[in-house]
Amino acid sequence: MTDMLTPVLTALWDQPDAFTLDGYRQAHGWEALPKALDMAPGDVIAMVKDSGLRGRGGAGFSTGTKWSFLPQGDGKPHYLVVNADESEPGTCKDTPLMMANPHLLIEGAAIAAYAIRAKHAFIYVRGEVTHVVRRLRHAVEEAYAAGFLGTDILGSGFDLEVIVHAGAGAYICGEESALLTSLEGYRGLPRLRPPFPAVAGLYASPTDINNVESIASVPSIVMNGADWFAGLGTEKSKGFGIFNLSGHVTTPGAYEAPLGITLRELLDMSGGMRAGHRLKFWTPGGSSTPLLTDEHLDVPLDFESVAAAGSMLGTRALMCFDETTCVLRAVLRWTEFYEHESCGKCTPCREGTFWMVKVLERLEHGRGTEEDLEKLLDICDNILGRAFCALGDGAVSPITSGIQYFRDEFMQHQKEGGCPFDPAASTLWGNS
Ligand SMILES: Cc1cc2nc3c(=O)[nH]c(=O)nc-3n(C[C@H](O)[C@H](O)[C@H](O)COP(=O)(O)O)c2cc1C
Ligand code: SF4
């Protein structure tokens, strides 16, 4: 069963010194950069495009195509920005990757910067993970000392400065345009698009923004070729990715597998749900992606199949909940998160998330009515597609999908004058 796993990004996570330059080099690290530097930048872009790599930050846009959007020969500075803000609930892939193998990301960033002709790369890390910031900065220093960063890298004439920047800790700063605003030193609020970052991004210059996992996948593509990568995964969702399994599962963790693996296969491989319990609902890609149920255990976890099942692959954060969990309570918790993280720039999200929490609280305490459910759906309808950025759209996903699959459970709270579930039973120590 475990041959379904494809450790590439996670291959060195068990090697205690993988985070050091020496440890990484012993495993053939930093061998992809000289290969890339021997190619023309446009050929590196073509290779990544041909590999079929799609952004691992959630939206799944073709990475090579995004790189190709940056104008060439425009005389302006170009920037590479690595999105290491990782704040989507349930998502814990970029943080361990950067802790275990920071050089993989830095090598990928050097190759990406070369391809898009950037002389500056920024790694924007969420503020809370100071251990990651320290580890990355140490690895960057090692890479400079070894001549992999700086001026005239490996005698190629290519110069690159890498800056590790710590954000202040805000979910909205993972949204790419808010991230750029924050990186420029302002409050992290999203920007109107167009212009897109490829045209006017950081400091109004052409900028590529990619997720940590997208960039960290690049060295393996350069080493093994586009066909190797394209040979993994499904027809349209190629390659591998890290799947985070969490919640009421026997063995939570990060599992690297080809796109298209199913939750059933991942659970079979990892010991299943906790003993004596069954899967009730789960998120395929974090709380911003509509909930799925045990009917969807065999949905291939690729962009197309998850969309066809009514959800999104997102960040592959598989939060699994068993039958002891009150779906309304879970949805309320997530909505409180969105209310807290809403940046306040636009009315539908700022006001809507506030009112959604109020109505959900009323329902959770057994004081809600059928009209409240309709009101909730109406508020969702007024946010979805009408908010300024995708945080608003994400905020409605747990509510609309929760009501779609568990409407009766929402109303059971009213009939029973409160929550019919014992919250202690859904804790991992409460009823295992
Ligand atoms: C509210 C919000 C938060 C986001 N947080 C992240 C994040 O933490 N990391 C990330 O890579 N992308 C995040 N994204 C997606 C980014 O806007 C962007 O699509 C991504 O960084 C592009 O990289 P990729 O093409 O490599 O996936 C977020 C989007 C939204 C709307
Ligand atoms: S949708 Fe929410 S987070 Fe996005 S701009 Fe509007 S208020 Fe800010």
# chains A, B, ... in the order shown; residues from 1 in each chain; ligands from 1
>>> closest_atom_pairs(of="range 313-368 of chain A", to="range 224-242 of chain A", cutoff="9 Å", atoms="only C-alpha atoms", output="CSV")
residue,atom,partner,partner_atom,distance
A:Thr315,CA,A:Ile242,CA,8.7
A:Arg316,CA,A:Ile242,CA,7.2
A:Ala317,CA,A:Ile242,CA,8.9
>>> write_last_selection(atoms="N, CA and C atoms", output="PDB file, in the first residue's frame")
ATOM      1  N   THR A 315      -5.661  23.398  -0.538  1.00  0.00           N
ATOM      2  CA  THR A 315      -4.305  23.112  -0.047  1.00  0.00           C
ATOM      3  C   THR A 315      -4.125  21.642   0.352  1.00  0.00           C
ATOM      4  N   ARG A 316      -5.087  20.799   0.022  1.00  0.00           N
ATOM      5  CA  ARG A 316      -5.021  19.371   0.364  1.00  0.00           C
ATOM      6  C   ARG A 316      -4.965  19.147   1.877  1.00  0.00           C
ATOM      7  N   ALA A 317      -5.642  20.027   2.601  1.00  0.00           N
ATOM      8  CA  ALA A 317      -5.733  19.889   4.060  1.00  0.00           C
ATOM      9  C   ALA A 317      -6.967  19.067   4.377  1.00  0.00           C
TER      10      ALA A 317
END
>>> residues_around(residues="Gly352 in chain A", least_positions_apart="2", cutoff="9 Å", atoms="only C-alpha atoms", output="list in words")
Glu339, Thr347, Pro348, Cys349, Arg350, Phe354, Trp355, Met356, Val357, Ile379, Cys380, Asn382, Ile383 and Gly392 of chain A
>>> write_last_selection(atoms="N, CA, C and O atoms", output="PDB file, in the first residue's frame")
ATOM      1  N   GLU A 339     -14.400  35.705  10.563  1.00  0.00           N
ATOM      2  CA  GLU A 339     -14.780  37.019  11.084  1.00  0.00           C
ATOM      3  C   GLU A 339     -13.539  37.735  11.634  1.00  0.00           C
ATOM      4  O   GLU A 339     -13.299  38.915  11.388  1.00  0.00           O
ATOM      5  N   THR A 347     -17.529  45.635   2.361  1.00  0.00           N
ATOM      6  CA  THR A 347     -18.706  45.488   3.228  1.00  0.00           C
ATOM      7  C   THR A 347     -19.256  44.061   3.281  1.00  0.00           C
ATOM      8  O   THR A 347     -19.565  43.569   4.373  1.00  0.00           O
ATOM      9  N   PRO A 348     -19.405  43.357   2.142  1.00  0.00           N
ATOM     10  CA  PRO A 348     -20.036  42.029   2.245  1.00  0.00           C
ATOM     11  C   PRO A 348     -19.314  41.113   3.227  1.00  0.00           C
ATOM     12  O   PRO A 348     -19.960  40.429   4.029  1.00  0.00           O
ATOM     13  N   CYS A 349     -17.997  41.100   3.186  1.00  0.00           N
ATOM     14  CA  CYS A 349     -17.248  40.196   4.059  1.00  0.00           C
ATOM     15  C   CYS A 349     -17.160  40.744   5.482  1.00  0.00           C
ATOM     16  O   CYS A 349     -17.371  40.020   6.447  1.00  0.00           O
ATOM     17  N   ARG A 350     -16.869  42.040   5.613  1.00  0.00           N
ATOM     18  CA  ARG A 350     -16.725  42.618   6.957  1.00  0.00           C
ATOM     19  C   ARG A 350     -18.019  42.470   7.758  1.00  0.00           C
ATOM     20  O   ARG A 350     -18.031  41.981   8.878  1.00  0.00           O
ATOM     21  N   PHE A 354     -19.521  38.896  10.389  1.00  0.00           N
ATOM     22  CA  PHE A 354     -19.998  39.246  11.732  1.00  0.00           C
ATOM     23  C   PHE A 354     -21.397  38.681  11.953  1.00  0.00           C
ATOM     24  O   PHE A 354     -21.677  38.003  12.947  1.00  0.00           O
ATOM     25  N   TRP A 355     -22.290  38.915  10.978  1.00  0.00           N
ATOM     26  CA  TRP A 355     -23.678  38.462  11.152  1.00  0.00           C
ATOM     27  C   TRP A 355     -23.810  36.944  11.058  1.00  0.00           C
ATOM     28  O   TRP A 355     -24.640  36.337  11.725  1.00  0.00           O
ATOM     29  N   MET A 356     -22.942  36.337  10.254  1.00  0.00           N
ATOM     30  CA  MET A 356     -23.012  34.870  10.158  1.00  0.00           C
ATOM     31  C   MET A 356     -22.665  34.231  11.504  1.00  0.00           C
ATOM     32  O   MET A 356     -23.292  33.252  11.924  1.00  0.00           O
ATOM     33  N   VAL A 357     -21.698  34.802  12.202  1.00  0.00           N
ATOM     34  CA  VAL A 357     -21.347  34.273  13.528  1.00  0.00           C
ATOM     35  C   VAL A 357     -22.530  34.428  14.468  1.00  0.00           C
ATOM     36  O   VAL A 357     -22.901  33.492  15.198  1.00  0.00           O
ATOM     37  N   ILE A 379     -27.202  35.563   3.394  1.00  0.00           N
ATOM     38  CA  ILE A 379     -25.957  36.328   3.654  1.00  0.00           C
ATOM     39  C   ILE A 379     -24.822  35.728   2.811  1.00  0.00           C
ATOM     40  O   ILE A 379     -24.047  36.446   2.184  1.00  0.00           O
ATOM     41  N   CYS A 380     -24.756  34.384   2.797  1.00  0.00           N
ATOM     42  CA  CYS A 380     -23.710  33.714   1.992  1.00  0.00           C
ATOM     43  C   CYS A 380     -23.825  34.149   0.536  1.00  0.00           C
ATOM     44  O   CYS A 380     -22.828  34.449  -0.126  1.00  0.00           O
ATOM     45  N   ASN A 382     -24.921  36.820  -0.604  1.00  0.00           N
ATOM     46  CA  ASN A 382     -24.495  38.208  -0.783  1.00  0.00           C
ATOM     47  C   ASN A 382     -22.996  38.403  -0.614  1.00  0.00           C
ATOM     48  O   ASN A 382     -22.487  39.499  -0.876  1.00  0.00           O
ATOM     49  N   ILE A 383     -22.306  37.370  -0.159  1.00  0.00           N
ATOM     50  CA  ILE A 383     -20.838  37.465  -0.047  1.00  0.00           C
ATOM     51  C   ILE A 383     -20.195  36.794  -1.269  1.00  0.00           C
ATOM     52  O   ILE A 383     -19.297  37.360  -1.895  1.00  0.00           O
ATOM     53  N   GLY A 392     -13.643  36.128   1.363  1.00  0.00           N
ATOM     54  CA  GLY A 392     -15.095  36.153   1.529  1.00  0.00           C
ATOM     55  C   GLY A 392     -15.743  34.896   0.960  1.00  0.00           C
ATOM     56  O   GLY A 392     -16.582  34.264   1.609  1.00  0.00           O
TER      57      GLY A 392
END
>>> residues_around(residues="Phe148 in chain A", least_positions_apart="5", cutoff="12 Å", atoms="only C-alpha atoms", output="PyMOL selection string")
chain A and resi 21+25+29-34+37+103+106-111+114+139-143+153-162
>>> write_last_selection(atoms="C-alpha atoms", output="short mmCIF file (atom, residue, chain, number, x, y, z; two decimals), in the first residue's frame")
data_model
loop_
_atom_site.label_atom_id
_atom_site.label_comp_id
_atom_site.auth_asym_id
_atom_site.auth_seq_id
_atom_site.Cartn_x
_atom_site.Cartn_y
_atom_site.Cartn_z
CA LEU A 21 23.84 22.67 3.53
CA ARG A 25 24.21 18.32 -0.66
CA GLY A 29 20.94 18.99 -3.23
CA TRP A 30 22.00 22.14 -5.09
CA GLU A 31 22.67 20.04 -8.22
CA ALA A 32 19.62 21.34 -10.08
CA LEU A 33 20.71 24.98 -10.01
CA PRO A 34 23.86 24.51 -12.18
CA LEU A 37 21.92 27.90 -15.22
CA HIS A 103 17.60 24.42 1.01
CA ILE A 106 15.92 28.16 -1.62
CA GLU A 107 17.31 26.17 -4.55
CA GLY A 108 13.86 26.22 -6.18
CA ALA A 109 13.66 29.97 -5.59
CA ALA A 110 17.08 30.48 -7.21
CA ILE A 111 15.96 28.51 -10.29
CA TYR A 114 16.74 32.86 -12.89
CA ALA A 139 20.11 28.22 5.28
CA VAL A 140 20.20 31.40 3.16
CA GLU A 141 23.48 32.40 4.86
CA GLU A 142 24.91 28.95 4.12
CA ALA A 143 23.83 29.22 0.48
CA ILE A 153 26.42 32.61 -9.06
CA LEU A 154 28.64 29.65 -10.05
CA GLY A 155 30.33 31.89 -12.63
CA SER A 156 27.09 32.21 -14.64
CA GLY A 157 26.80 35.97 -14.44
CA PHE A 158 23.43 35.57 -12.65
CA ASP A 159 23.00 37.63 -9.45
CA LEU A 160 20.40 36.93 -6.79
CA GLU A 161 19.65 38.34 -3.35
CA VAL A 162 17.26 36.33 -1.17
#
>>> residues_around(residues="Met99 in chain A", least_positions_apart="4", cutoff="7 Å", atoms="only C-alpha atoms", output="list in words")
Phe19, Thr95, Val132 and Arg135 of chain A
>>> write_last_selection(atoms="N, CA and C atoms", output="compact mmCIF listing (two decimals), in the first residue's frame")
# COMPACT_ATOMS: atom_id res chain seq x y z
N PHE A 19 18.47 19.76 7.06
CA PHE A 19 18.28 21.21 7.01
C PHE A 19 19.59 21.97 6.83
N THR A 95 5.25 24.70 6.32
CA THR A 95 6.04 24.90 7.54
C THR A 95 6.99 23.73 7.79
N VAL A 132 10.88 28.84 11.96
CA VAL A 132 11.05 28.67 10.51
C VAL A 132 11.86 29.84 9.95
N ARG A 135 15.45 29.27 10.77
CA ARG A 135 16.03 28.17 9.99
C ARG A 135 16.27 28.59 8.54
>>> select_by_dssp(residues="range 45-161 of chain A", states="alpha helix (DSSP H)", output="PyMOL selection string")
chain A and resi 45-51+63-68+94-100+102-116+130-145
>>> residues_around(residues="Ile261 in chain A", least_positions_apart="4", cutoff="9 Å", atoms="only C-alpha atoms", output="number ranges by chain")
A: 4, 233, 257, 265-266, 298-302
>>> write_last_selection(atoms="all heavy atoms", output="CSV table (one decimal), in the first residue's frame")
chain,number,residue,atom,x,y,z
A,4,MET,N,2.1,3.8,-2.9
A,4,MET,CA,1.3,4.9,-3.4
A,4,MET,C,2.0,6.2,-3.0
A,4,MET,O,1.6,7.2,-3.5
A,4,MET,CB,-0.1,4.8,-2.9
A,4,MET,CG,-1.0,3.9,-3.7
A,4,MET,SD,-2.6,4.3,-3.2
A,4,MET,CE,-3.1,2.8,-2.6
A,233,GLY,N,0.6,11.5,-11.1
A,233,GLY,CA,-0.7,12.2,-11.0
A,233,GLY,C,-1.7,11.8,-12.1
A,233,GLY,O,-1.6,10.7,-12.6
A,257,ALA,N,1.9,12.2,-2.0
A,257,ALA,CA,1.4,11.1,-2.9
A,257,ALA,C,1.1,11.8,-4.2
A,257,ALA,O,0.9,13.0,-4.3
A,257,ALA,CB,0.1,10.5,-2.3
A,265,GLU,N,-7.9,5.7,0.3
A,265,GLU,CA,-6.5,5.1,0.2
A,265,GLU,C,-5.6,5.7,1.3
A,265,GLU,O,-4.8,5.0,1.9
A,265,GLU,CB,-5.9,5.4,-1.2
A,265,GLU,CG,-6.6,4.5,-2.3
A,265,GLU,CD,-6.3,5.0,-3.7
A,265,GLU,OE1,-6.0,6.2,-3.9
A,265,GLU,OE2,-6.4,4.1,-4.6
A,266,LEU,N,-5.7,7.0,1.5
A,266,LEU,CA,-4.8,7.7,2.5
A,266,LEU,C,-5.2,7.1,3.9
A,266,LEU,O,-4.3,6.9,4.7
A,266,LEU,CB,-5.0,9.2,2.4
A,266,LEU,CG,-4.2,9.9,1.3
A,266,LEU,CD1,-4.7,11.3,1.1
A,266,LEU,CD2,-2.7,9.9,1.6
A,298,ASP,N,-14.1,8.1,-2.2
A,298,ASP,CA,-13.4,7.6,-3.4
A,298,ASP,C,-13.2,8.6,-4.5
A,298,ASP,O,-12.9,8.3,-5.6
A,298,ASP,CB,-14.1,6.3,-4.0
A,298,ASP,CG,-14.1,5.2,-3.0
A,298,ASP,OD1,-13.0,4.9,-2.4
A,298,ASP,OD2,-15.2,4.6,-2.7
A,299,VAL,N,-13.4,9.9,-4.1
A,299,VAL,CA,-13.2,11.0,-5.1
A,299,VAL,C,-11.7,11.1,-5.2
A,299,VAL,O,-11.0,11.4,-4.3
A,299,VAL,CB,-13.8,12.3,-4.6
A,299,VAL,CG1,-13.4,13.5,-5.5
A,299,VAL,CG2,-15.3,12.2,-4.5
A,300,PRO,N,-11.2,11.0,-6.5
A,300,PRO,CA,-9.8,11.2,-6.7
A,300,PRO,C,-9.4,12.7,-6.3
A,300,PRO,O,-10.1,13.6,-6.7
A,300,PRO,CB,-9.5,11.0,-8.2
A,300,PRO,CG,-10.7,10.2,-8.6
A,300,PRO,CD,-11.9,10.6,-7.7
A,301,LEU,N,-8.3,12.8,-5.5
A,301,LEU,CA,-8.0,14.1,-5.0
A,301,LEU,C,-7.1,14.8,-6.0
A,301,LEU,O,-5.9,14.9,-5.9
A,301,LEU,CB,-7.3,14.0,-3.6
A,301,LEU,CG,-8.2,13.4,-2.5
A,301,LEU,CD1,-7.4,13.1,-1.3
A,301,LEU,CD2,-9.3,14.4,-2.2
A,302,ASP,N,-7.8,15.2,-7.1
A,302,ASP,CA,-7.1,16.1,-8.1
A,302,ASP,C,-8.0,17.3,-8.3
A,302,ASP,O,-9.2,17.3,-7.9
A,302,ASP,CB,-6.8,15.3,-9.4
A,302,ASP,CG,-8.1,14.7,-10.0
A,302,ASP,OD1,-9.0,15.5,-10.3
A,302,ASP,OD2,-8.2,13.5,-10.2
>>> atom_distance(atom1="CA of Glu416 in chain A", atom2="CA of Ile399 in chain A")
20.9 Å
>>> residues_near_ligand(ligand="ligand 2", cutoff="6 Å", atoms="only C-alpha atoms and all ligand atoms", output="VMD selection string")
chain A and resid 172 190 342 to 346 349 to 350 387 to 392
>>> write_last_selection(atoms="all heavy atoms", output="mmCIF file, in the first residue's frame")
data_model
loop_
_atom_site.group_PDB
_atom_site.id
_atom_site.type_symbol
_atom_site.label_atom_id
_atom_site.label_comp_id
_atom_site.auth_asym_id
_atom_site.auth_seq_id
_atom_site.Cartn_x
_atom_site.Cartn_y
_atom_site.Cartn_z
ATOM 1 N N ILE A 172 -5.044 37.040 5.912
ATOM 2 C CA ILE A 172 -5.232 37.788 4.662
ATOM 3 C C ILE A 172 -3.889 38.043 3.963
ATOM 4 O O ILE A 172 -3.851 38.212 2.743
ATOM 5 C CB ILE A 172 -6.009 39.110 4.918
ATOM 6 C CG1 ILE A 172 -6.432 39.773 3.592
ATOM 7 C CG2 ILE A 172 -5.209 40.091 5.755
ATOM 8 C CD1 ILE A 172 -7.295 38.934 2.711
ATOM 9 N N PRO A 190 -5.871 43.580 0.417
ATOM 10 C CA PRO A 190 -5.808 43.159 -0.991
ATOM 11 C C PRO A 190 -5.891 44.346 -1.948
ATOM 12 O O PRO A 190 -6.426 45.403 -1.603
ATOM 13 C CB PRO A 190 -7.037 42.261 -1.160
ATOM 14 C CG PRO A 190 -7.458 41.908 0.210
ATOM 15 C CD PRO A 190 -7.044 43.018 1.107
ATOM 16 N N SER A 342 -11.121 38.625 8.644
ATOM 17 C CA SER A 342 -11.606 39.546 7.602
ATOM 18 C C SER A 342 -10.869 40.871 7.765
ATOM 19 O O SER A 342 -10.808 41.426 8.857
ATOM 20 C CB SER A 342 -13.114 39.747 7.788
ATOM 21 O OG SER A 342 -13.533 40.841 7.011
ATOM 22 N N CYS A 343 -10.317 41.373 6.663
ATOM 23 C CA CYS A 343 -9.499 42.596 6.782
ATOM 24 C C CYS A 343 -10.358 43.836 6.893
ATOM 25 O O CYS A 343 -9.866 44.909 7.229
ATOM 26 C CB CYS A 343 -8.532 42.707 5.609
ATOM 27 S SG CYS A 343 -9.294 43.348 4.099
ATOM 28 N N GLY A 344 -11.649 43.727 6.578
ATOM 29 C CA GLY A 344 -12.562 44.847 6.751
ATOM 30 C C GLY A 344 -12.649 45.785 5.556
ATOM 31 O O GLY A 344 -13.389 46.769 5.589
ATOM 32 N N LYS A 345 -11.934 45.478 4.502
ATOM 33 C CA LYS A 345 -11.906 46.409 3.364
ATOM 34 C C LYS A 345 -13.250 46.491 2.635
ATOM 35 O O LYS A 345 -13.642 47.551 2.172
ATOM 36 C CB LYS A 345 -10.797 45.995 2.383
ATOM 37 C CG LYS A 345 -10.701 46.876 1.158
ATOM 38 C CD LYS A 345 -9.404 46.639 0.415
ATOM 39 C CE LYS A 345 -9.361 47.459 -0.867
ATOM 40 N NZ LYS A 345 -7.987 47.790 -1.267
ATOM 41 N N CYS A 346 -13.934 45.337 2.521
ATOM 42 C CA CYS A 346 -15.204 45.396 1.770
ATOM 43 C C CYS A 346 -16.381 45.017 2.673
ATOM 44 O O CYS A 346 -16.263 44.198 3.580
ATOM 45 C CB CYS A 346 -15.144 44.518 0.520
ATOM 46 S SG CYS A 346 -15.135 42.762 0.845
ATOM 47 N N CYS A 349 -17.997 41.100 3.186
ATOM 48 C CA CYS A 349 -17.248 40.196 4.059
ATOM 49 C C CYS A 349 -17.160 40.744 5.482
ATOM 50 O O CYS A 349 -17.371 40.020 6.447
ATOM 51 C CB CYS A 349 -15.863 39.955 3.448
ATOM 52 S SG CYS A 349 -14.668 39.168 4.520
ATOM 53 N N ARG A 350 -16.869 42.040 5.613
ATOM 54 C CA ARG A 350 -16.725 42.618 6.957
ATOM 55 C C ARG A 350 -18.019 42.470 7.758
ATOM 56 O O ARG A 350 -18.031 41.981 8.878
ATOM 57 C CB ARG A 350 -16.340 44.110 6.855
ATOM 58 C CG ARG A 350 -16.092 44.773 8.196
ATOM 59 C CD ARG A 350 -15.899 46.280 8.042
ATOM 60 N NE ARG A 350 -17.075 46.928 7.488
ATOM 61 C CZ ARG A 350 -17.104 47.602 6.331
ATOM 62 N NH1 ARG A 350 -16.008 47.735 5.621
ATOM 63 N NH2 ARG A 350 -18.227 48.146 5.894
ATOM 64 N N ALA A 387 -17.586 39.719 -2.782
ATOM 65 C CA ALA A 387 -16.542 40.243 -1.890
ATOM 66 C C ALA A 387 -15.331 40.645 -2.727
ATOM 67 O O ALA A 387 -15.167 40.204 -3.869
ATOM 68 C CB ALA A 387 -16.166 39.193 -0.858
ATOM 69 N N PHE A 388 -14.479 41.462 -2.128
ATOM 70 C CA PHE A 388 -13.341 42.016 -2.863
ATOM 71 C C PHE A 388 -12.267 40.961 -3.120
ATOM 72 O O PHE A 388 -11.549 41.020 -4.105
ATOM 73 C CB PHE A 388 -12.768 43.190 -2.050
ATOM 74 C CG PHE A 388 -11.751 44.001 -2.788
ATOM 75 C CD1 PHE A 388 -12.138 44.947 -3.725
ATOM 76 C CD2 PHE A 388 -10.391 43.824 -2.550
ATOM 77 C CE1 PHE A 388 -11.196 45.705 -4.407
ATOM 78 C CE2 PHE A 388 -9.443 44.571 -3.232
ATOM 79 C CZ PHE A 388 -9.846 45.521 -4.165
ATOM 80 N N CYS A 389 -12.136 40.005 -2.225
ATOM 81 C CA CYS A 389 -11.122 38.960 -2.445
ATOM 82 C C CYS A 389 -11.704 37.595 -2.072
ATOM 83 O O CYS A 389 -12.818 37.490 -1.570
ATOM 84 C CB CYS A 389 -9.834 39.254 -1.663
ATOM 85 S SG CYS A 389 -9.836 38.685 0.039
ATOM 86 N N ALA A 390 -10.899 36.566 -2.275
ATOM 87 C CA ALA A 390 -11.411 35.199 -2.125
ATOM 88 C C ALA A 390 -11.604 34.782 -0.667
ATOM 89 O O ALA A 390 -12.166 33.719 -0.407
ATOM 90 C CB ALA A 390 -10.480 34.223 -2.832
ATOM 91 N N LEU A 391 -11.158 35.605 0.298
ATOM 92 C CA LEU A 391 -11.413 35.241 1.697
ATOM 93 C C LEU A 391 -12.917 35.170 1.940
ATOM 94 O O LEU A 391 -13.417 34.273 2.611
ATOM 95 C CB LEU A 391 -10.759 36.235 2.665
ATOM 96 C CG LEU A 391 -10.826 35.866 4.149
ATOM 97 C CD1 LEU A 391 -9.585 36.324 4.906
ATOM 98 C CD2 LEU A 391 -12.069 36.384 4.860
ATOM 99 N N GLY A 392 -13.643 36.128 1.363
ATOM 100 C CA GLY A 392 -15.095 36.153 1.529
ATOM 101 C C GLY A 392 -15.743 34.896 0.960
ATOM 102 O O GLY A 392 -16.582 34.264 1.609
#
>>> closest_residue(among="A:Leu202, A:Val82, A:Cys419, A:Ile45", to="Thr324 in chain A", atoms="only C-alpha atoms")
A:Cys419
>>> atom_distance(atom1="CA of Val199 in chain A", atom2="CA of Asp50 in chain A")
23.0 Å
>>> atom_distance(atom1="CA of Asn211 in chain A", atom2="CA of Leu297 in chain A")
27.0 Å
>>> residues_around(residues="Val125 in chain A", least_positions_apart="2", cutoff="8 Å", atoms="only C-alpha atoms", output="PyMOL selection string")
chain A and resi 83-86+123+127+129+132-133+164-167
>>> residues_around(residues="Val222 in chain A", least_positions_apart="4", cutoff="8 Å", atoms="only C-alpha atoms", output="list in words")
Ala32, Lys35, Ala36, Val44, Met47, Val218 and Ala226 of chain A
>>> select_by_dssp(residues="range 179-371 of chain A", states="strand (DSSP E)", output="PyMOL selection string")
chain A and resi 207-211+240-247+253-258+279-283+292-293+317-322
